[in-house]
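Peer 1: Sharing a structure with you now.
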Amino acid sequence: MRSRLTAAGVLAAAAWALPYGLGGYTIHVVNIALIYALLAVGMGLAMGISGQINLAQVAFFGVGAYAVAIFTTQYGHGFWVSAALAVLTTVVVGMFVGIPALRMQSHYLGIVTLGLALGFINWVTNAHLTGGADGISGIPVPTLPGVDLSSEYLYYYLEVVVFGLALLFGLFVVHTSLGRRLRAMRDDALAAGAMGAEIPLLRMTAFLLASLYGGLAGVLYSGLIRYVAPETFSIGNMFILLAMVVIGGRRSLVGCVVGAIGLTLVREWLSDFSTYAQLGYGVVVVLMVVFAPTGLAGVPARVRDQFERRRGSRSSRAELRPFTPYDAVERPSSQPVLLSVEGVTKQFRGLRALDAVSLAVRQGEIRGVVGPNGSGKTTLFNVISGFYRASAGSVGFAGVDTTTSRPYTLSLAGLARTFQNLRLFGQLTVRENILVALDRTRTRAIWQYAIWQPGVLARERRLRGRADDILERFGLADFAEAAPASLAYGIQRRIEIARAMASRPRLLLLDEPAAGLNGEEVQQLIRIVRSIRDSGTTVVLIEHNMGLVMSLCEKVTVLSSGKVIAEGTPQEVVSTPEVVEAYLGDSDLGEIGLDTSPPNEQTGRAKEVSS
Ligand code: ADP
Ligand code: MG
């Protein structure tokens with residue numbers, strides 16, 4: 001922390017002293033570079049942090065710049081009033097550009113935003129309001145008492161201050177609640193939704209941030225050049241901007257800044273060979289995407305990784321420590337129904353994955369759901385947790401009809417789940433994975449970022465304290481800073497359960513939690529699940545393996561081809577003829593074998609492959 005502050009102080013001092021050594025033209029280039037850096041930070045927030053491919057960033061830049069030009073020259077407002085209106089206009093436009101992101105993702109979103117950017121260029125080139133191809137000149141010099149901003153040297157200081165604040169704000173967003181959610185959404189939108197993140201709102205927020213920075217850059221540009229014309233906002237420049245972000249490293253805002261400043265300087269230096277230079281950028285971008293997808297900013301981490309791998313990394317040597325049980329609570333004698341599924345059918349085109357499934361789970365129960373592969377167990381969880389909408393029937397949770405509820409509402413109402421194929425946030429640390437689930441603030445609370453940052457920080461401190469407790473309890477403290485993918489499979493499974501339990505849900509759905517675990521790990525899992533139940537959380541558990549179900553569940557529901565074929569105590573269901581037949585019909589016969597002993601390592605692994 002102290003070394004960072006020192007570095008920031010040195011950088012600030014250097015930025016302050018810089019103009020003293022520069023000629024008139026060089027300071028102009030530096031001013032342009034800072035504007036691009038601002039644009040790149042906005043682009044990085046949308047693309048790298050939030051995973052929303054946004055090729056409309058130059059259009060945001062253009063809207064900001066043109067809006068200042070129009071408000072000052074045609075409506076006669078002062079520069080600063082126009083600047084405020086321009087940023088506002090850009091943000092509104094940004095939200096509209098973000099609407100397609102609600103429906104589509106990845107390259108489709110790229111194509112749509114690129115199309116919108118093209119539309120913008122077409123419009124400014126042809127419209128009367130924007131002065132057509134000639135653009136708009138005569139934008140007044142921004143006024144500041146006692147400072148002559150027509151001097152590029154003094155304008156530089158205005159830019160440095162705006163840029164410095166904007167970068168700090170961006171970093172603040174990335175490293176606190178909102179940014180963590182955006183990164184979680186980037187890594188796995190589905191899992192983030194199950195942790196209570198409002199994905200549509202977050203996608204809009206990504207575009208809001210991108211357009212905010214685009215608008216600011218546009219304002220600074222029009223105050224600096226005092227003339228706007230269409231070619232500044234061309235697709236060619238969009239490509240340069242994309243190159244800056246990719247080369248610098250889109251997941252790091254500092255990387256984006258380095259890319260932007262570096263490429264602006266290189267471009268200036270190569271201005272006599274601009275055609276070849278364009279080609280050169282193209283080649284470099286392709287090489288970067290293939291060989292260093294995390295850009296220059298990712299290089300230190302890659303070097304560190306290599307180094308650690310050679311020495312045997314700390315986290316791979318660390319041990320998974322034992323789980324500390326939760327305090328048990330007294331269970332009331334009358335246990336109301338917490339989850340009720342009534343006549344749920346789920347149709348996938350011709351396939352009926354669930355067929356009039358009904359079940360009721362009482363508070364404090366550990367319910368097992370078993371059945372051969374493809375019998376609809378995961379589909380049932382997806383319907384209960386709001387990922388799929390039932391084709392018929394209804395779902396009730398905690399006395400409320402939740403048939404049409406979204407995953408995040410269910411999460412807030414106290415439902416948590418794990419996934420059959422682990423869905424951890426891959427680019428987040430283990431601690432951050434837990435923090436995402438712990439964080440129950442609503443997306444609309446982002447006003448705090450604009451007005452009350454200490455509130456955000458205070459919440460952050462509280463959340464971190466609680467995350468440390470959870471890591472400690474689940475024996476994961478040694479892995480807090482590790483990337484989940486670098487850890488053993490059994491540890492990842494444990495992290496997923498810890499993450500699901502972070503919000504202390506009323507109902508926990510576990511989808512094949514023992515798949516891929518060895519015998520010892522399965523025994524630990526049994527202890528963990530019992531403790532979770534005893535602490536007041538109801539558990540529904542999908543398991544392929546009867547042994548685990550036998551030792552954990554009081555009641556088991558058996559699915560076969562989407563239908564409930566039996567329900568009762570484990571002993572009852574294994575002796576039901578239909579159940580025996582269902583398993584006989586399944587090729588897994590020998591392997592499942594209705595074996596009532598706890599699974600050993602081999603069968604555990606075999607299960608994983610078979611599911
Ligand atoms: P289980 O978890 O019991 O192994 P699933 O619930 O995953 O089974 O799947 C039940 C059936 O539904 C399978 O035949 C599967 O192919 C089908 N299915 C599941 N999800 C989808 C989907 N999104 N689209 C089409 N078919 C699906
Ligand atoms: Mg399944």
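Labeling convention for the structure tokens: chains A, B, ... as they appear, residues from 1 per chain, ligands from 1 in order of appearance.
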Residues at most 7 Å from ligand 1, using only C-alpha atoms and all ligand atoms? Could they come as a list in words?
Peer 2: Phe348, Leu351, Ala353, Gly371, Pro372, Asn373, Gly374, Ser375, Gly376, Lys377, Thr378, Thr379, Leu380 and Ser611 of chain A
Peer 1: So which bits of stretch 339-419 of chain A end up strand (DSSP E) when you DSSP the backbone, as a PyMOL selection string?
Peer 2: chain A and resi 339-348+351-362+366-370+392-397+400-401+415-417
Peer 1: Which residue is closest to ligand 2? Choose from A:Val436, A:Leu422, A:Ile446, A:Ala56 and count only C-alpha atoms and all ligand atoms.
Peer 2: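 Smallest separation from ligand 2 among the options: A:Leu422.
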Peer 1: For A:Arg267, list every protein, DNA or RNA residue within 12 Å, evaluated using only C-alpha atoms, and leave out those in the same chain fewer than 3 positions away; present the list as a list in words.
Peer 2: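 Once the nearby chain positions are removed, what remains is Val29, Ile32, Ala33, Asn237, Ile240, Leu241, Ala243, Met244, Gly259, Ala260, Ile261, Gly262, Leu263, Thr264, Leu270, Ser271, Asp272, Phe273, Ser274, Thr275, Tyr276, Ala277, Gln278, Leu279, Gly280 and Tyr281 of chain A.
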Peer 1: Those residues you just picked out, can you put them in a file as a tab-separated table (two decimals), in the first residue's frame with C-alpha atoms?
Peer 2:
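The file below, selection03.tsv, is the result:
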chain	number	residue	atom	x	y	z
A	29	VAL	CA	0.69	15.36	-28.61
A	32	ILE	CA	-4.10	14.23	-27.28
A	33	ALA	CA	-2.58	11.17	-25.62
A	237	ASN	CA	-9.70	5.70	-34.91
A	240	ILE	CA	-6.60	2.41	-32.99
A	241	LEU	CA	-8.47	2.71	-29.70
A	243	ALA	CA	-5.51	-1.65	-30.40
A	244	MET	CA	-4.54	0.54	-27.43
A	259	GLY	CA	-1.48	1.29	-24.26
A	260	ALA	CA	-3.20	4.58	-25.09
A	261	ILE	CA	-0.28	6.84	-24.29
A	262	GLY	CA	2.24	4.47	-25.86
A	263	LEU	CA	0.34	4.05	-29.10
A	264	THR	CA	-0.41	7.77	-29.43
A	270	LEU	CA	5.39	7.06	-37.41
A	271	SER	CA	3.13	9.73	-38.86
A	272	ASP	CA	5.19	9.90	-42.05
A	273	PHE	CA	4.49	6.24	-42.71
A	274	SER	CA	0.87	6.13	-41.66
A	275	THR	CA	-0.27	3.41	-44.10
A	276	TYR	CA	2.45	1.01	-43.00
A	277	ALA	CA	1.87	1.99	-39.41
A	278	GLN	CA	-1.82	0.98	-39.67
A	279	LEU	CA	-0.73	-2.38	-41.00
A	280	GLY	CA	1.81	-2.66	-38.21
A	281	TYR	CA	-0.81	-2.03	-35.51
Peer 1: Have a look at A:Asp534, A:Asp327, A:Asp355, A:Glu543 and name the one nearest to ligand 2; count only C-alpha atoms and all ligand atoms.
Peer 2: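 Checking each of A:Asp534, A:Asp327, A:Asp355, A:Glu543 against ligand 2, counting only C-alpha atoms and all ligand atoms, the winner is A:Glu543.
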Peer 1: DSSP on the backbone, alpha helix (DSSP H) only: what residues of stretch 70-153 of chain A does that give? Format it as JSON, numbers by chain.
Peer 2: {"A": [70, 71, 72, 73, 79, 80, 81, 82, 83, 84, 85, 86, 87, 88, 89, 90, 91, 92, 93, 94, 95, 96, 97, 98, 106, 107, 108, 109, 110, 111, 112, 113, 114, 115, 116, 117, 118, 119, 120, 121, 122, 123, 124, 125, 126, 152, 153]}
Peer 1: Can you list, as JSON, numbers by chain, every protein, DNA or RNA residue that comes within 10 Å of A:Phe172 when you count only C-alpha atoms, leaving out same-chain residues fewer than 5 positions away?
Peer 2: {"A": [166, 167, 177, 178, 179, 449, 453, 456, 457]}
Peer 1: Atoms to include: C-alpha atoms. Write the selected residues as a PDB file, in the first residue's frame.
Peer 2:
ATOM      1  CA  ALA A 166     -11.206   9.780 -13.639  1.00  0.00           C
ATOM      2  CA  LEU A 167      -8.546   7.093 -13.405  1.00  0.00           C
ATOM      3  CA  SER A 177     -18.366  -3.924  -4.820  1.00  0.00           C
ATOM      4  CA  LEU A 178     -19.558  -2.705  -8.232  1.00  0.00           C
ATOM      5  CA  GLY A 179     -16.409  -3.625 -10.130  1.00  0.00           C
ATOM      6  CA  TYR A 449     -20.185   5.835  -6.088  1.00  0.00           C
ATOM      7  CA  GLN A 453     -17.592   7.018  -1.583  1.00  0.00           C
ATOM      8  CA  VAL A 456     -18.707   2.229  -0.274  1.00  0.00           C
ATOM      9  CA  LEU A 457     -15.403   1.853   1.564  1.00  0.00           C
TER      10      LEU A 457
END
Peer 1: Write out as an mmCIF file with all heavy atoms, in the first residue's frame each polymer residue whose atoms come within 6 Å of A:Lys555, counting only C-alpha atoms; drop sequence neighbours fewer than 4 positions from it.
Peer 2:
data_model
loop_
_atom_site.group_PDB
_atom_site.id
_atom_site.type_symbol
_atom_site.label_atom_id
_atom_site.label_comp_id
_atom_site.auth_asym_id
_atom_site.auth_seq_id
_atom_site.Cartn_x
_atom_site.Cartn_y
_atom_site.Cartn_z
ATOM 1 N N ARG A 367 -32.837 -33.195 1.767
ATOM 2 C CA ARG A 367 -33.551 -34.005 0.804
ATOM 3 C C ARG A 367 -32.595 -34.478 -0.277
ATOM 4 O O ARG A 367 -31.793 -33.702 -0.782
ATOM 5 C CB ARG A 367 -34.677 -33.157 0.182
ATOM 6 C CG ARG A 367 -35.349 -33.766 -1.037
ATOM 7 C CD ARG A 367 -36.128 -35.013 -0.664
ATOM 8 N NE ARG A 367 -37.186 -34.688 0.265
ATOM 9 C CZ ARG A 367 -38.452 -34.475 -0.096
ATOM 10 N NH1 ARG A 367 -38.798 -34.575 -1.355
ATOM 11 N NH2 ARG A 367 -39.361 -34.179 0.797
ATOM 12 N N GLY A 568 -39.403 -41.330 -0.388
ATOM 13 C CA GLY A 568 -39.469 -41.932 0.933
ATOM 14 C C GLY A 568 -38.094 -41.958 1.566
ATOM 15 O O GLY A 568 -37.177 -41.283 1.092
ATOM 16 N N THR A 569 -37.944 -42.762 2.640
ATOM 17 C CA THR A 569 -36.630 -42.874 3.245
ATOM 18 C C THR A 569 -35.719 -43.634 2.272
ATOM 19 O O THR A 569 -36.214 -44.373 1.413
ATOM 20 C CB THR A 569 -36.703 -43.653 4.567
ATOM 21 O OG1 THR A 569 -37.091 -44.992 4.255
ATOM 22 C CG2 THR A 569 -37.695 -43.038 5.527
#
Peer 1: Using only C-alpha atoms for the distances, tell me which of A:Val245, A:Ala500, A:Leu220, A:Val337 is nearest to A:Val162.
Peer 2: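 Distance minimum relative to A:Val162 lands on A:Leu220.
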Peer 1: Extract, using only C-alpha atoms, all DNA, RNA and protein residues at most 10 Å from stretch 458-468 of chain A, discarding same-chain residues fewer than 4 positions from it, and format them as a short mmCIF file (atom, residue, chain, number, x, y, z; two decimals) with C-alpha atoms, in the first residue's frame.
Peer 2:
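Result written to out-v2.cif:
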data_model
loop_
_atom_site.label_atom_id
_atom_site.label_comp_id
_atom_site.auth_asym_id
_atom_site.auth_seq_id
_atom_site.Cartn_x
_atom_site.Cartn_y
_atom_site.Cartn_z
CA HIS A 175 -11.65 -2.83 -6.74
CA THR A 176 -14.88 -2.44 -4.80
CA SER A 177 -18.37 -3.92 -4.82
CA VAL A 430 -11.03 -17.14 -4.03
CA ARG A 431 -11.69 -14.29 -1.60
CA GLU A 432 -13.37 -12.24 -4.33
CA ASN A 433 -15.52 -15.22 -5.27
CA ILE A 434 -16.81 -15.26 -1.69
CA LEU A 435 -17.16 -11.47 -1.62
CA VAL A 436 -19.40 -11.47 -4.69
CA ALA A 437 -21.83 -13.78 -2.92
CA LEU A 438 -21.62 -11.89 0.37
CA ASP A 439 -22.41 -8.57 -1.20
CA ARG A 440 -26.14 -8.02 -0.95
CA THR A 441 -26.26 -4.37 -2.04
CA GLN A 453 -17.59 7.02 -1.58
CA PRO A 454 -16.82 6.61 2.15
CA GLU A 472 -11.46 -19.58 7.87
CA ARG A 473 -14.53 -21.69 8.56
CA LEU A 476 -9.74 -22.04 2.73
CA ALA A 477 -7.77 -19.21 4.32
CA ALA A 480 -7.65 -16.59 -0.32
CA ALA A 498 -18.47 -21.82 0.79
CA ARG A 499 -19.58 -19.28 -1.82
CA ALA A 502 -21.73 -16.96 2.17
#
Peer 1: Using only C-alpha atoms, find the one residue out of A:Val580, A:Ala197, A:Ala59, A:Ile247 that sits nearest to A:Val299.
Peer 2: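 Between A:Val580, A:Ala197, A:Ala59, A:Ile247, the residue approaching A:Val299 most closely is A:Ile247.
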